[in-house]
>>> print(open('input_36.tsv').read())   # TSV, C-alpha atoms (C1' of nucleotides)
chain	number	residue	atom	x	y	z
A	1	MET	CA	-81.52	30.18	1.21
A	2	SER	CA	-83.86	30.24	4.15
A	3	ASN	CA	-86.43	29.63	1.45
A	4	SER	CA	-88.50	32.62	2.28
A	5	ARG	CA	-85.82	35.09	1.47
A	6	PHE	CA	-86.91	35.23	-2.14
A	7	PRO	CA	-90.57	36.06	-1.44
A	8	ILE	CA	-89.53	38.53	1.24
A	9	SER	CA	-87.14	40.31	-1.08
A	10	LEU	CA	-89.63	40.39	-3.87
A	11	HIS	CA	-92.29	41.71	-1.53
A	12	ILE	CA	-89.97	44.48	-0.41
A	13	LEU	CA	-89.08	45.40	-3.98
A	14	THR	CA	-92.73	45.43	-5.00
A	15	LEU	CA	-93.61	47.78	-2.16
A	16	LEU	CA	-90.70	50.06	-2.98
A	17	ASN	CA	-91.76	50.11	-6.59
A	18	GLU	CA	-95.26	51.09	-5.52
A	19	ALA	CA	-93.82	53.94	-3.48
A	20	LYS	CA	-92.43	55.51	-6.65
A	21	GLY	CA	-89.22	56.76	-5.17
A	22	ALA	CA	-90.51	57.83	-1.77
A	23	VAL	CA	-88.53	56.37	1.10
A	24	VAL	CA	-90.26	53.56	2.95
A	25	SER	CA	-89.37	52.54	6.50
A	26	SER	CA	-88.53	48.98	7.50
A	27	GLU	CA	-91.38	49.22	9.99
A	28	TYR	CA	-93.87	49.80	7.21
A	29	LEU	CA	-92.42	47.05	5.02
A	30	ALA	CA	-92.47	44.64	7.93
A	31	GLY	CA	-96.11	45.52	8.54
A	32	SER	CA	-97.11	44.56	5.01
A	33	ILE	CA	-95.06	41.38	4.92
A	34	ASN	CA	-96.02	40.60	8.48
A	35	ILE	CA	-92.55	39.78	9.73
A	36	ASN	CA	-90.11	41.40	12.09
A	37	PRO	CA	-88.53	44.70	11.02
A	38	VAL	CA	-85.06	43.43	11.82
A	39	LEU	CA	-85.47	40.67	9.27
A	40	VAL	CA	-86.55	43.28	6.74
A	41	ARG	CA	-83.50	45.36	7.45
A	42	LYS	CA	-81.30	42.32	6.95
A	43	GLU	CA	-82.90	41.58	3.62
A	44	ILE	CA	-82.53	45.21	2.64
A	45	MET	CA	-78.86	45.06	3.50
A	46	ASN	CA	-78.55	42.28	0.95
A	47	LEU	CA	-80.64	44.06	-1.66
A	48	ARG	CA	-78.50	47.13	-1.17
A	49	LYS	CA	-75.31	45.12	-1.52
A	50	HIS	CA	-76.61	43.94	-4.88
A	51	GLY	CA	-77.51	47.41	-6.04
A	52	PHE	CA	-81.29	46.97	-6.08
A	53	VAL	CA	-82.09	49.48	-3.36
A	54	GLU	CA	-80.62	52.37	-1.45
A	55	SER	CA	-81.34	53.46	2.08
A	56	LYS	CA	-81.32	56.67	3.97
A	57	GLU	CA	-80.54	56.71	7.68
A	58	GLY	CA	-81.99	58.92	10.37
A	59	LYS	CA	-85.37	60.43	10.93
A	60	GLY	CA	-87.62	60.16	7.91
A	61	GLY	CA	-85.22	57.58	6.54
A	62	GLY	CA	-85.96	54.32	4.81
A	63	SER	CA	-85.33	52.63	1.49
A	64	PHE	CA	-86.11	53.15	-2.16
A	65	LEU	CA	-85.31	51.46	-5.45
A	66	ALA	CA	-81.81	52.16	-6.70
A	67	LYS	CA	-82.79	51.57	-10.30
A	68	SER	CA	-85.79	51.36	-12.51
A	69	ALA	CA	-88.07	48.39	-11.92
A	70	LYS	CA	-87.66	47.37	-15.52
A	71	ASP	CA	-83.94	46.99	-14.95
A	72	ILE	CA	-84.37	44.54	-12.08
A	73	ASN	CA	-84.92	41.06	-13.33
A	74	LEU	CA	-86.25	38.34	-11.09
A	75	GLY	CA	-83.48	35.93	-11.92
A	76	GLU	CA	-80.98	38.38	-10.49
A	77	VAL	CA	-83.10	38.85	-7.41
A	78	TYR	CA	-83.22	35.11	-6.96
A	79	GLN	CA	-79.48	34.83	-7.29
A	80	SER	CA	-78.93	37.59	-4.79
A	81	VAL	CA	-80.72	35.63	-2.06
A	82	ARG	CA	-79.58	32.20	-3.13
A	83	SER	CA	-77.25	30.63	-0.65
A	84	SER	CA	-77.72	26.91	-1.14
A	85	ASN	CA	-79.09	24.60	-3.76
A	86	VAL	CA	-82.82	24.59	-4.33
A	87	LEU	CA	-82.89	20.88	-4.65
A	88	GLY	CA	-80.84	19.88	-1.68
A	89	GLN	CA	-79.16	21.51	1.25
A	90	HIS	CA	-75.63	20.19	1.20
A	91	LYS	CA	-75.30	19.01	4.73
A	92	ASN	CA	-75.36	15.75	2.93
A	93	GLU	CA	-72.38	13.63	4.00
A	94	PRO	CA	-72.61	10.24	2.37
A	95	ASN	CA	-70.40	7.35	3.34
A	96	PRO	CA	-67.05	7.68	1.55
A	97	LYS	CA	-66.57	3.92	1.77
A	98	CYS	CA	-69.54	3.33	-0.48
A	99	PRO	CA	-68.73	3.60	-4.20
A	100	ILE	CA	-72.03	5.37	-4.84
A	101	GLY	CA	-71.94	7.51	-1.71
A	102	ARG	CA	-68.41	8.59	-2.50
A	103	GLN	CA	-69.36	10.00	-5.89
A	104	ILE	CA	-72.95	11.07	-5.54
A	105	ASN	CA	-72.36	14.64	-4.44
A	106	GLN	CA	-70.48	15.59	-7.55
A	107	HIS	CA	-73.25	14.17	-9.71
A	108	LEU	CA	-75.96	15.82	-7.65
A	109	ASP	CA	-74.14	19.09	-7.95
A	110	SER	CA	-74.09	19.03	-11.70
A	111	LEU	CA	-77.73	17.98	-11.79
A	112	TYR	CA	-78.65	20.82	-9.45
A	113	SER	CA	-76.70	23.35	-11.33
A	114	ASN	CA	-78.39	22.49	-14.62
A	115	ALA	CA	-81.83	22.46	-13.10
A	116	GLU	CA	-81.24	25.67	-11.28
A	117	ASN	CA	-80.04	27.37	-14.43
A	118	ALA	CA	-83.33	26.46	-16.03
A	119	LEU	CA	-85.16	27.95	-13.07
A	120	ILE	CA	-83.14	31.14	-13.22
A	121	ALA	CA	-83.59	31.43	-16.97
A	122	ASN	CA	-87.30	31.26	-16.41
A	123	LEU	CA	-87.30	33.87	-13.66
A	124	SER	CA	-85.12	36.11	-15.79
A	125	LYS	CA	-87.90	36.46	-18.31
A	126	GLN	CA	-89.64	38.79	-15.90
A	127	THR	CA	-88.58	42.11	-14.45
A	128	LEU	CA	-89.83	43.68	-11.26
A	129	ALA	CA	-91.86	46.01	-13.46
A	130	ASP	CA	-93.62	43.03	-15.05
A	131	PHE	CA	-94.26	41.44	-11.70
A	132	ALA	CA	-95.57	44.64	-10.17
A	133	SER	CA	-97.78	45.46	-13.13
A	134	ALA	CA	-99.95	42.45	-12.31
A	135	PHE	CA	-101.12	44.15	-9.12
A	136	GLU	CA	-104.32	46.15	-9.31
B	1	MET	CA	-90.08	19.33	0.73
B	2	SER	CA	-87.66	18.97	3.58
B	3	ASN	CA	-85.20	19.88	0.89
B	4	SER	CA	-83.11	16.82	1.29
B	5	ARG	CA	-85.83	14.44	0.31
B	6	PHE	CA	-84.87	14.71	-3.34
B	7	PRO	CA	-81.20	13.82	-2.88
B	8	ILE	CA	-82.11	11.06	-0.46
B	9	SER	CA	-84.61	9.54	-2.86
B	10	LEU	CA	-82.22	9.79	-5.75
B	11	HIS	CA	-79.47	8.23	-3.67
B	12	ILE	CA	-81.75	5.33	-2.78
B	13	LEU	CA	-82.78	4.82	-6.40
B	14	THR	CA	-79.18	4.92	-7.56
B	15	LEU	CA	-78.19	2.27	-5.05
B	16	LEU	CA	-81.12	0.08	-6.00
B	17	ASN	CA	-80.21	0.45	-9.64
B	18	GLU	CA	-76.67	-0.62	-8.83
B	19	ALA	CA	-78.04	-3.71	-7.08
B	20	LYS	CA	-79.55	-4.89	-10.36
B	21	GLY	CA	-82.69	-6.34	-8.89
B	22	ALA	CA	-81.24	-7.78	-5.69
B	23	VAL	CA	-83.12	-6.67	-2.60
B	24	VAL	CA	-81.31	-4.08	-0.50
B	25	SER	CA	-82.04	-3.48	3.17
B	26	SER	CA	-82.84	-0.07	4.61
B	27	GLU	CA	-79.90	-0.57	6.93
B	28	TYR	CA	-77.53	-0.82	4.01
B	29	LEU	CA	-79.07	2.16	2.21
B	30	ALA	CA	-78.89	4.23	5.37
B	31	GLY	CA	-75.25	3.31	5.71
B	32	SER	CA	-74.38	4.67	2.29
B	33	ILE	CA	-76.43	7.82	2.65
B	34	ASN	CA	-75.34	8.21	6.22
B	35	ILE	CA	-78.74	8.85	7.71
B	36	ASN	CA	-81.09	6.97	9.97
B	37	PRO	CA	-82.70	3.79	8.59
B	38	VAL	CA	-86.15	4.93	9.68
B	39	LEU	CA	-85.86	7.96	7.43
B	40	VAL	CA	-84.86	5.69	4.59
B	41	ARG	CA	-87.89	3.51	5.19
B	42	LYS	CA	-90.11	6.57	5.11
B	43	GLU	CA	-88.65	7.70	1.83
B	44	ILE	CA	-89.05	4.22	0.45
B	45	MET	CA	-92.67	4.26	1.50
B	46	ASN	CA	-93.10	7.31	-0.70
B	47	LEU	CA	-91.12	5.86	-3.59
B	48	ARG	CA	-93.23	2.74	-3.37
B	49	LYS	CA	-96.43	4.76	-3.36
B	50	HIS	CA	-95.28	6.32	-6.59
B	51	GLY	CA	-94.43	3.02	-8.19
B	52	PHE	CA	-90.67	3.45	-8.33
B	53	VAL	CA	-89.74	0.67	-5.95
B	54	GLU	CA	-91.12	-2.42	-4.33
B	55	SER	CA	-90.26	-3.93	-1.00
B	56	LYS	CA	-90.18	-7.34	0.48
B	57	GLU	CA	-90.84	-7.82	4.18
B	58	GLY	CA	-89.29	-10.34	6.52
B	59	LYS	CA	-85.88	-11.88	6.79
B	60	GLY	CA	-83.74	-11.23	3.75
B	61	GLY	CA	-86.19	-8.51	2.79
B	62	GLY	CA	-85.51	-5.06	1.42
B	63	SER	CA	-86.28	-3.01	-1.64
B	64	PHE	CA	-85.66	-3.11	-5.35
B	65	LEU	CA	-86.62	-1.05	-8.39
B	66	ALA	CA	-90.16	-1.62	-9.56
B	67	LYS	CA	-89.32	-0.63	-13.11
B	68	SER	CA	-86.43	-0.16	-15.41
B	69	ALA	CA	-84.14	2.74	-14.56
B	70	LYS	CA	-84.69	4.16	-18.00
B	71	ASP	CA	-88.38	4.45	-17.24
B	72	ILE	CA	-87.84	6.55	-14.14
B	73	ASN	CA	-87.35	10.16	-15.01
B	74	LEU	CA	-85.93	12.60	-12.54
B	75	GLY	CA	-88.72	15.10	-12.97
B	76	GLU	CA	-91.17	12.50	-11.71
B	77	VAL	CA	-88.92	11.69	-8.80
B	78	TYR	CA	-88.78	15.36	-7.94
B	79	GLN	CA	-92.53	15.65	-8.07
B	80	SER	CA	-92.96	12.63	-5.87
B	81	VAL	CA	-91.07	14.27	-3.03
B	82	ARG	CA	-92.25	17.80	-3.65
B	83	SER	CA	-94.49	19.08	-0.93
B	84	SER	CA	-94.02	22.82	-1.02
B	85	ASN	CA	-92.76	25.43	-3.41
B	86	VAL	CA	-89.05	25.50	-4.12
B	87	LEU	CA	-89.00	29.24	-4.04
B	88	GLY	CA	-90.91	29.90	-0.88
B	89	GLN	CA	-92.49	27.95	1.90
B	90	HIS	CA	-96.01	29.28	2.17
B	91	LYS	CA	-96.17	30.04	5.83
B	92	ASN	CA	-96.16	33.47	4.38
B	93	GLU	CA	-99.10	35.46	5.79
B	94	PRO	CA	-98.90	39.01	4.54
B	95	ASN	CA	-101.06	41.77	5.92
B	96	PRO	CA	-104.48	41.65	4.24
B	97	LYS	CA	-104.94	45.36	4.90
B	98	CYS	CA	-102.06	46.22	2.61
B	99	PRO	CA	-103.04	46.36	-1.08
B	100	ILE	CA	-99.78	44.68	-2.04
B	101	GLY	CA	-99.74	42.20	0.82
B	102	ARG	CA	-103.30	41.20	0.06
B	103	GLN	CA	-102.49	40.20	-3.50
B	104	ILE	CA	-98.91	39.08	-3.41
B	105	ASN	CA	-99.45	35.41	-2.71
B	106	GLN	CA	-101.47	34.83	-5.83
B	107	HIS	CA	-98.78	36.47	-7.93
B	108	LEU	CA	-96.00	34.61	-6.19
B	109	ASP	CA	-97.86	31.39	-6.76
B	110	SER	CA	-98.05	31.87	-10.47
B	111	LEU	CA	-94.42	32.93	-10.60
B	112	TYR	CA	-93.42	29.84	-8.62
B	113	SER	CA	-95.45	27.53	-10.70
B	114	ASN	CA	-93.90	28.74	-13.92
B	115	ALA	CA	-90.40	28.61	-12.56
B	116	GLU	CA	-90.93	25.21	-11.09
B	117	ASN	CA	-92.27	23.88	-14.36
B	118	ALA	CA	-89.04	24.98	-15.99
B	119	LEU	CA	-87.10	23.16	-13.30
B	120	ILE	CA	-89.13	20.00	-13.72
B	121	ALA	CA	-88.83	20.14	-17.49
B	122	ASN	CA	-85.09	20.26	-17.08
B	123	LEU	CA	-84.99	17.35	-14.63
B	124	SER	CA	-87.26	15.36	-16.89
B	125	LYS	CA	-84.60	15.29	-19.55
B	126	GLN	CA	-82.74	12.72	-17.51
B	127	THR	CA	-83.73	9.26	-16.40
B	128	LEU	CA	-82.36	7.35	-13.46
B	129	ALA	CA	-80.41	5.30	-15.99
B	130	ASP	CA	-78.72	8.44	-17.31
B	131	PHE	CA	-77.94	9.65	-13.84
B	132	ALA	CA	-76.56	6.29	-12.71
B	133	SER	CA	-74.47	5.83	-15.83
B	134	ALA	CA	-72.27	8.71	-14.77
B	135	PHE	CA	-70.95	6.69	-11.83
B	136	GLU	CA	-67.78	4.74	-12.36
C	1	DA	C1'	-88.54	-21.21	16.87
C	2	DT	C1'	-85.35	-17.87	15.87
C	3	DA	C1'	-83.33	-14.38	13.28
C	4	DA	C1'	-83.56	-10.68	10.15
C	5	DC	C1'	-86.12	-7.82	8.16
C	6	DT	C1'	-90.11	-4.09	7.21
C	7	DG	C1'	-93.76	-0.80	8.80
C	8	DT	C1'	-94.99	2.57	11.81
C	9	DA	C1'	-95.69	5.37	15.88
C	10	DA	C1'	-93.94	8.01	19.55
C	11	DT	C1'	-90.50	10.72	21.48
C	12	DA	C1'	-86.22	13.22	21.78
C	13	DA	C1'	-82.48	15.88	20.04
C	14	DA	C1'	-80.44	19.02	16.90
C	15	DA	C1'	-80.60	22.50	13.64
C	16	DA	C1'	-82.61	26.22	11.25
C	17	DA	C1'	-85.55	30.03	10.99
C	18	DC	C1'	-87.50	33.79	12.98
C	19	DA	C1'	-88.64	37.18	16.65
C	20	DT	C1'	-87.29	40.21	20.13
C	21	DT	C1'	-84.60	43.36	22.66
C	22	DA	C1'	-81.24	46.58	22.87
C	23	DC	C1'	-78.64	50.30	21.69
C	24	DA	C1'	-75.21	53.15	19.05
C	25	DA	C1'	-75.14	56.06	15.02
C	26	DT	C1'	-77.46	59.10	11.91
C	27	DT	C1'	-80.53	62.56	10.34
C	28	DT	C1'	-84.49	65.73	10.56
C	29	DT	C1'	-86.95	69.18	12.65
C	30	DA	C1'	-88.91	71.91	16.31
D	1	DT	C1'	-79.21	72.07	20.30
D	2	DA	C1'	-82.28	68.63	22.01
D	3	DA	C1'	-85.77	65.41	20.88
D	4	DA	C1'	-87.70	62.21	17.73
D	5	DA	C1'	-87.48	58.89	14.18
D	6	DT	C1'	-85.04	56.00	11.85
D	7	DT	C1'	-81.19	52.66	10.26
D	8	DG	C1'	-77.47	49.21	11.35
D	9	DT	C1'	-76.19	45.48	13.89
D	10	DA	C1'	-75.32	42.28	17.63
D	11	DA	C1'	-76.96	39.26	21.04
D	12	DT	C1'	-80.30	36.32	22.78
D	13	DG	C1'	-84.49	33.78	23.01
D	14	DT	C1'	-88.40	31.25	20.91
D	15	DT	C1'	-90.56	28.48	17.66
D	16	DT	C1'	-90.61	25.41	13.98
D	17	DT	C1'	-88.66	22.02	11.19
D	18	DT	C1'	-85.80	18.32	10.46
D	19	DT	C1'	-83.56	14.39	11.83
D	20	DA	C1'	-82.42	10.68	14.99
D	21	DT	C1'	-83.65	7.32	18.22
D	22	DT	C1'	-86.27	3.88	20.49
D	23	DA	C1'	-89.60	0.58	20.47
D	24	DC	C1'	-92.24	-2.96	18.96
D	25	DA	C1'	-95.76	-5.53	16.10
D	26	DG	C1'	-95.93	-8.01	11.86
D	27	DT	C1'	-93.67	-10.81	8.13
D	28	DT	C1'	-90.73	-14.17	6.02
D	29	DA	C1'	-86.75	-17.31	5.56
D	30	DT	C1'	-84.18	-20.89	7.46
>>> encode(input="input_36.tsv", output="structure tokens")
Amino acid sequence: MSNSRFPISLHILTLLNEAKGAVVSSEYLAGSININPVLVRKEIMNLRKHGFVESKEGKGGGSFLAKSAKDINLGEVYQSVRSSNVLGQHKNEPNPKCPIGRQINQHLDSLYSNAENALIANLSKQTLADFASAFE
Amino acid sequence: MSNSRFPISLHILTLLNEAKGAVVSSEYLAGSININPVLVRKEIMNLRKHGFVESKEGKGGGSFLAKSAKDINLGEVYQSVRSSNVLGQHKNEPNPKCPIGRQINQHLDSLYSNAENALIANLSKQTLADFASAFE
DNA sequence: ATAACTGTAATAAAAAACATTACAATTTTA
DNA sequence: TAAAATTGTAATGTTTTTTATTACAGTTAT
């Protein structure tokens, strides 16, 4: 994860929720998040692939939520953008000649996976609807 | 967190635990982790600051655990290297003119802090001794 | 005294993240 | 049907972050 994919995705989803079904352009979304529209479109591609949003091409096009905000839980959103461990990018190549180095990755992996499950379980307690309802 | 600080620190601690009190040089640690010794010394500086290890300067110097491995819990280790949110680096500067953008950071922060507490609680179930005991 | 370390700063290189540009394809609407 | 607005996507460039390297003063053991 580029580590800002989660906040970007959640920001997009929150804006789409606010739009109540109206299509929203990537330009507009990018303006609120304050990032480049192309990055937004890439994130939307991913959100679409995971069934959270749909898009409409052409003039007047844009994106909208593909399902009710109360059916989108934040744990799922997290998992949709997750691409590497939260606790350590595995570009980690310890020395195979060292008895510790040789084994550490497998132990780190199981540690990570437990810890990350706890994180996801926590996120899963909230839906997009819950998150969005905190906004005034 | 540079996102590999946690695995590096844990790797160092595991090696020091293995050494059973003998001092271990940064050169040796770097060799097992397969990174530069200066990075190891920086991590050790942090571990020392948090009371996990001690170091000895001069010839024959190096580092060793400052307390028993069963008194070092992994949640604390995580917190000692933590410097930014796991779920989003806050270089995030949304548009203050957008009603969502203006508020989102505060909501993300509380979401992050909850999720991260769950992560830390999970890590805190294990001590360095537990982690190290899994090695053969 | 010399050798083997740590501590630390400065600099350089590599990698990752992000922005920008460009343009074909699609759709609306005048 | 032509123009305008938009998505989809690739390619390239820029910036930022991470990591490595070099260098050397200070410390301690022998």
>>> interface_residues(input="input_36.tsv", of="chain D", to="chain A", cutoff="7 Å", atoms="only C-alpha atoms (C1' of nucleotides)", output="tab-separated table (two decimals) with C-alpha atoms (C1' of nucleotides), in the frame of the given file")
chain	number	residue	atom	x	y	z
D	5	DA	C1'	-87.48	58.89	14.18
D	6	DT	C1'	-85.04	56.00	11.85
D	7	DT	C1'	-81.19	52.66	10.26
>>> calpha_fit_and_write(input="input_36.tsv", fixed="chain A", moving="chain B", output="CSV table (one decimal) with C-alpha atoms, in the frame of the given file")
chain,number,residue,atom,x,y,z
B,1,MET,CA,-81.5,30.2,1.2
B,2,SER,CA,-83.8,30.2,4.1
B,3,ASN,CA,-86.4,29.6,1.5
B,4,SER,CA,-88.5,32.6,2.3
B,5,ARG,CA,-85.8,35.1,1.5
B,6,PHE,CA,-86.9,35.2,-2.1
B,7,PRO,CA,-90.6,36.1,-1.4
B,8,ILE,CA,-89.5,38.5,1.2
B,9,SER,CA,-87.1,40.3,-1.1
B,10,LEU,CA,-89.6,40.4,-3.9
B,11,HIS,CA,-92.3,41.7,-1.5
B,12,ILE,CA,-90.0,44.5,-0.4
B,13,LEU,CA,-89.1,45.4,-4.0
B,14,THR,CA,-92.7,45.4,-5.0
B,15,LEU,CA,-93.6,47.8,-2.2
B,16,LEU,CA,-90.7,50.1,-3.0
B,17,ASN,CA,-91.8,50.1,-6.6
B,18,GLU,CA,-95.3,51.1,-5.5
B,19,ALA,CA,-93.8,53.9,-3.5
B,20,LYS,CA,-92.4,55.5,-6.7
B,21,GLY,CA,-89.2,56.8,-5.2
B,22,ALA,CA,-90.6,57.8,-1.8
B,23,VAL,CA,-88.6,56.4,1.1
B,24,VAL,CA,-90.3,53.6,2.9
B,25,SER,CA,-89.4,52.6,6.5
B,26,SER,CA,-88.6,49.0,7.5
B,27,GLU,CA,-91.4,49.2,10.0
B,28,TYR,CA,-93.9,49.8,7.2
B,29,LEU,CA,-92.4,47.1,5.0
B,30,ALA,CA,-92.5,44.6,7.9
B,31,GLY,CA,-96.1,45.5,8.5
B,32,SER,CA,-97.1,44.6,5.0
B,33,ILE,CA,-95.1,41.4,4.9
B,34,ASN,CA,-96.0,40.6,8.5
B,35,ILE,CA,-92.6,39.8,9.7
B,36,ASN,CA,-90.1,41.4,12.1
B,37,PRO,CA,-88.5,44.7,11.0
B,38,VAL,CA,-85.1,43.5,11.8
B,39,LEU,CA,-85.4,40.7,9.3
B,40,VAL,CA,-86.6,43.3,6.7
B,41,ARG,CA,-83.5,45.4,7.5
B,42,LYS,CA,-81.3,42.4,6.9
B,43,GLU,CA,-82.9,41.6,3.6
B,44,ILE,CA,-82.5,45.2,2.6
B,45,MET,CA,-78.9,45.1,3.5
B,46,ASN,CA,-78.5,42.3,1.0
B,47,LEU,CA,-80.6,44.1,-1.7
B,48,ARG,CA,-78.5,47.1,-1.2
B,49,LYS,CA,-75.3,45.1,-1.5
B,50,HIS,CA,-76.6,43.9,-4.9
B,51,GLY,CA,-77.5,47.4,-6.0
B,52,PHE,CA,-81.3,47.0,-6.1
B,53,VAL,CA,-82.1,49.5,-3.4
B,54,GLU,CA,-80.6,52.4,-1.5
B,55,SER,CA,-81.4,53.5,2.1
B,56,LYS,CA,-81.4,56.7,3.9
B,57,GLU,CA,-80.6,56.8,7.6
B,58,GLY,CA,-82.0,59.0,10.3
B,59,LYS,CA,-85.4,60.5,10.9
B,60,GLY,CA,-87.7,60.2,7.9
B,61,GLY,CA,-85.3,57.6,6.5
B,62,GLY,CA,-86.0,54.3,4.8
B,63,SER,CA,-85.4,52.6,1.5
B,64,PHE,CA,-86.1,53.2,-2.2
B,65,LEU,CA,-85.3,51.5,-5.4
B,66,ALA,CA,-81.8,52.2,-6.7
B,67,LYS,CA,-82.8,51.6,-10.3
B,68,SER,CA,-85.8,51.4,-12.5
B,69,ALA,CA,-88.1,48.4,-11.9
B,70,LYS,CA,-87.7,47.4,-15.5
B,71,ASP,CA,-83.9,47.0,-14.9
B,72,ILE,CA,-84.4,44.6,-12.1
B,73,ASN,CA,-84.9,41.1,-13.3
B,74,LEU,CA,-86.2,38.4,-11.1
B,75,GLY,CA,-83.5,35.9,-11.9
B,76,GLU,CA,-81.0,38.4,-10.5
B,77,VAL,CA,-83.1,38.9,-7.4
B,78,TYR,CA,-83.2,35.1,-6.9
B,79,GLN,CA,-79.5,34.8,-7.3
B,80,SER,CA,-78.9,37.6,-4.8
B,81,VAL,CA,-80.7,35.6,-2.0
B,82,ARG,CA,-79.6,32.2,-3.1
B,83,SER,CA,-77.2,30.6,-0.6
B,84,SER,CA,-77.7,26.9,-1.1
B,85,ASN,CA,-79.1,24.6,-3.8
B,86,VAL,CA,-82.8,24.6,-4.3
B,87,LEU,CA,-82.9,20.9,-4.7
B,88,GLY,CA,-80.8,19.9,-1.7
B,89,GLN,CA,-79.1,21.5,1.2
B,90,HIS,CA,-75.6,20.1,1.2
B,91,LYS,CA,-75.3,19.0,4.8
B,92,ASN,CA,-75.4,15.7,2.9
B,93,GLU,CA,-72.4,13.6,4.0
B,94,PRO,CA,-72.6,10.2,2.3
B,95,ASN,CA,-70.4,7.3,3.3
B,96,PRO,CA,-67.1,7.6,1.5
B,97,LYS,CA,-66.6,3.9,1.7
B,98,CYS,CA,-69.6,3.3,-0.5
B,99,PRO,CA,-68.8,3.6,-4.2
B,100,ILE,CA,-72.1,5.3,-4.9
B,101,GLY,CA,-72.0,7.5,-1.7
B,102,ARG,CA,-68.4,8.6,-2.5
B,103,GLN,CA,-69.4,9.9,-5.9
B,104,ILE,CA,-73.0,11.0,-5.6
B,105,ASN,CA,-72.4,14.6,-4.5
B,106,GLN,CA,-70.5,15.5,-7.6
B,107,HIS,CA,-73.3,14.1,-9.7
B,108,LEU,CA,-76.0,15.8,-7.7
B,109,ASP,CA,-74.1,19.1,-8.0
B,110,SER,CA,-74.1,19.0,-11.7
B,111,LEU,CA,-77.7,18.0,-11.8
B,112,TYR,CA,-78.6,20.8,-9.4
B,113,SER,CA,-76.7,23.3,-11.3
B,114,ASN,CA,-78.4,22.5,-14.6
B,115,ALA,CA,-81.8,22.5,-13.1
B,116,GLU,CA,-81.2,25.7,-11.3
B,117,ASN,CA,-80.0,27.4,-14.4
B,118,ALA,CA,-83.3,26.5,-16.0
B,119,LEU,CA,-85.1,28.0,-13.1
B,120,ILE,CA,-83.1,31.2,-13.2
B,121,ALA,CA,-83.6,31.4,-17.0
B,122,ASN,CA,-87.3,31.3,-16.4
B,123,LEU,CA,-87.3,33.9,-13.7
B,124,SER,CA,-85.1,36.1,-15.8
B,125,LYS,CA,-87.9,36.5,-18.3
B,126,GLN,CA,-89.6,38.8,-15.9
B,127,THR,CA,-88.6,42.1,-14.4
B,128,LEU,CA,-89.8,43.7,-11.3
B,129,ALA,CA,-91.9,46.0,-13.5
B,130,ASP,CA,-93.6,43.0,-15.0
B,131,PHE,CA,-94.3,41.4,-11.7
B,132,ALA,CA,-95.6,44.6,-10.1
B,133,SER,CA,-97.8,45.4,-13.1
B,134,ALA,CA,-100.0,42.5,-12.3
B,135,PHE,CA,-101.1,44.1,-9.1
B,136,GLU,CA,-104.3,46.1,-9.3
>>> interface_residues(input="input_36.tsv", of="chain B", to="chain A", cutoff="6 Å", atoms="all atoms listed in the file", output="list in words")
Asn3, Ser4, Ser32, Ile33, Asn34, Gly88, Pro94, Asn95, Cys98, Gly101, Ala115, Ala118, Leu119 and Asn122 of chain B
>>> residues_around(input="input_36.tsv", residues="DA22 of chain C", least_positions_apart="4", cutoff="12 Å", atoms="all atoms listed in the file", output="ChimeraX atom specification")
/D:9-12
>>> interface_residues(input="input_36.tsv", of="chain C", to="chain A", cutoff="10 Å", atoms="all atoms listed in the file", output="MDAnalysis selection string")
chainID C and resid 16:20 25:29
>>> atom_distance(input="input_36.tsv", atom1="atom CA of Leu16 of chain B", atom2="atom CA of Phe64 of chain B")
5.6 Å
>>> decode(input="input_36.tsv", residues="segment 70-78 of chain A", atoms="N, CA and C atoms", output="PDB file, in the first residue's frame")
ATOM      1  N   LYS A  70     -24.203   1.723   4.011  1.00  0.00           N
ATOM      2  CA  LYS A  70     -24.193   0.845   5.196  1.00  0.00           C
ATOM      3  C   LYS A  70     -23.792  -0.581   4.848  1.00  0.00           C
ATOM      4  N   ASP A  71     -23.635  -0.834   3.555  1.00  0.00           N
ATOM      5  CA  ASP A  71     -23.131  -2.148   3.144  1.00  0.00           C
ATOM      6  C   ASP A  71     -21.661  -2.129   2.741  1.00  0.00           C
ATOM      7  N   ILE A  72     -21.003  -1.016   3.004  1.00  0.00           N
ATOM      8  CA  ILE A  72     -19.566  -0.927   2.733  1.00  0.00           C
ATOM      9  C   ILE A  72     -18.863  -0.833   4.065  1.00  0.00           C
ATOM     10  N   ASN A  73     -18.144  -1.880   4.427  1.00  0.00           N
ATOM     11  CA  ASN A  73     -17.477  -1.753   5.720  1.00  0.00           C
ATOM     12  C   ASN A  73     -16.001  -1.428   5.542  1.00  0.00           C
ATOM     13  N   LEU A  74     -15.479  -0.691   6.505  1.00  0.00           N
ATOM     14  CA  LEU A  74     -14.153  -0.103   6.329  1.00  0.00           C
ATOM     15  C   LEU A  74     -13.033  -1.139   6.298  1.00  0.00           C
ATOM     16  N   GLY A  75     -13.297  -2.277   6.883  1.00  0.00           N
ATOM     17  CA  GLY A  75     -12.319  -3.358   6.802  1.00  0.00           C
ATOM     18  C   GLY A  75     -12.159  -3.839   5.363  1.00  0.00           C
ATOM     19  N   GLU A  76     -13.275  -3.929   4.671  1.00  0.00           N
ATOM     20  CA  GLU A  76     -13.231  -4.331   3.264  1.00  0.00           C
ATOM     21  C   GLU A  76     -12.517  -3.287   2.415  1.00  0.00           C
ATOM     22  N   VAL A  77     -12.796  -2.037   2.725  1.00  0.00           N
ATOM     23  CA  VAL A  77     -12.132  -0.962   1.986  1.00  0.00           C
ATOM     24  C   VAL A  77     -10.618  -1.059   2.199  1.00  0.00           C
ATOM     25  N   TYR A  78     -10.253  -1.239   3.447  1.00  0.00           N
ATOM     26  CA  TYR A  78      -8.829  -1.408   3.749  1.00  0.00           C
ATOM     27  C   TYR A  78      -8.226  -2.552   2.946  1.00  0.00           C
TER      28      TYR A  78
END
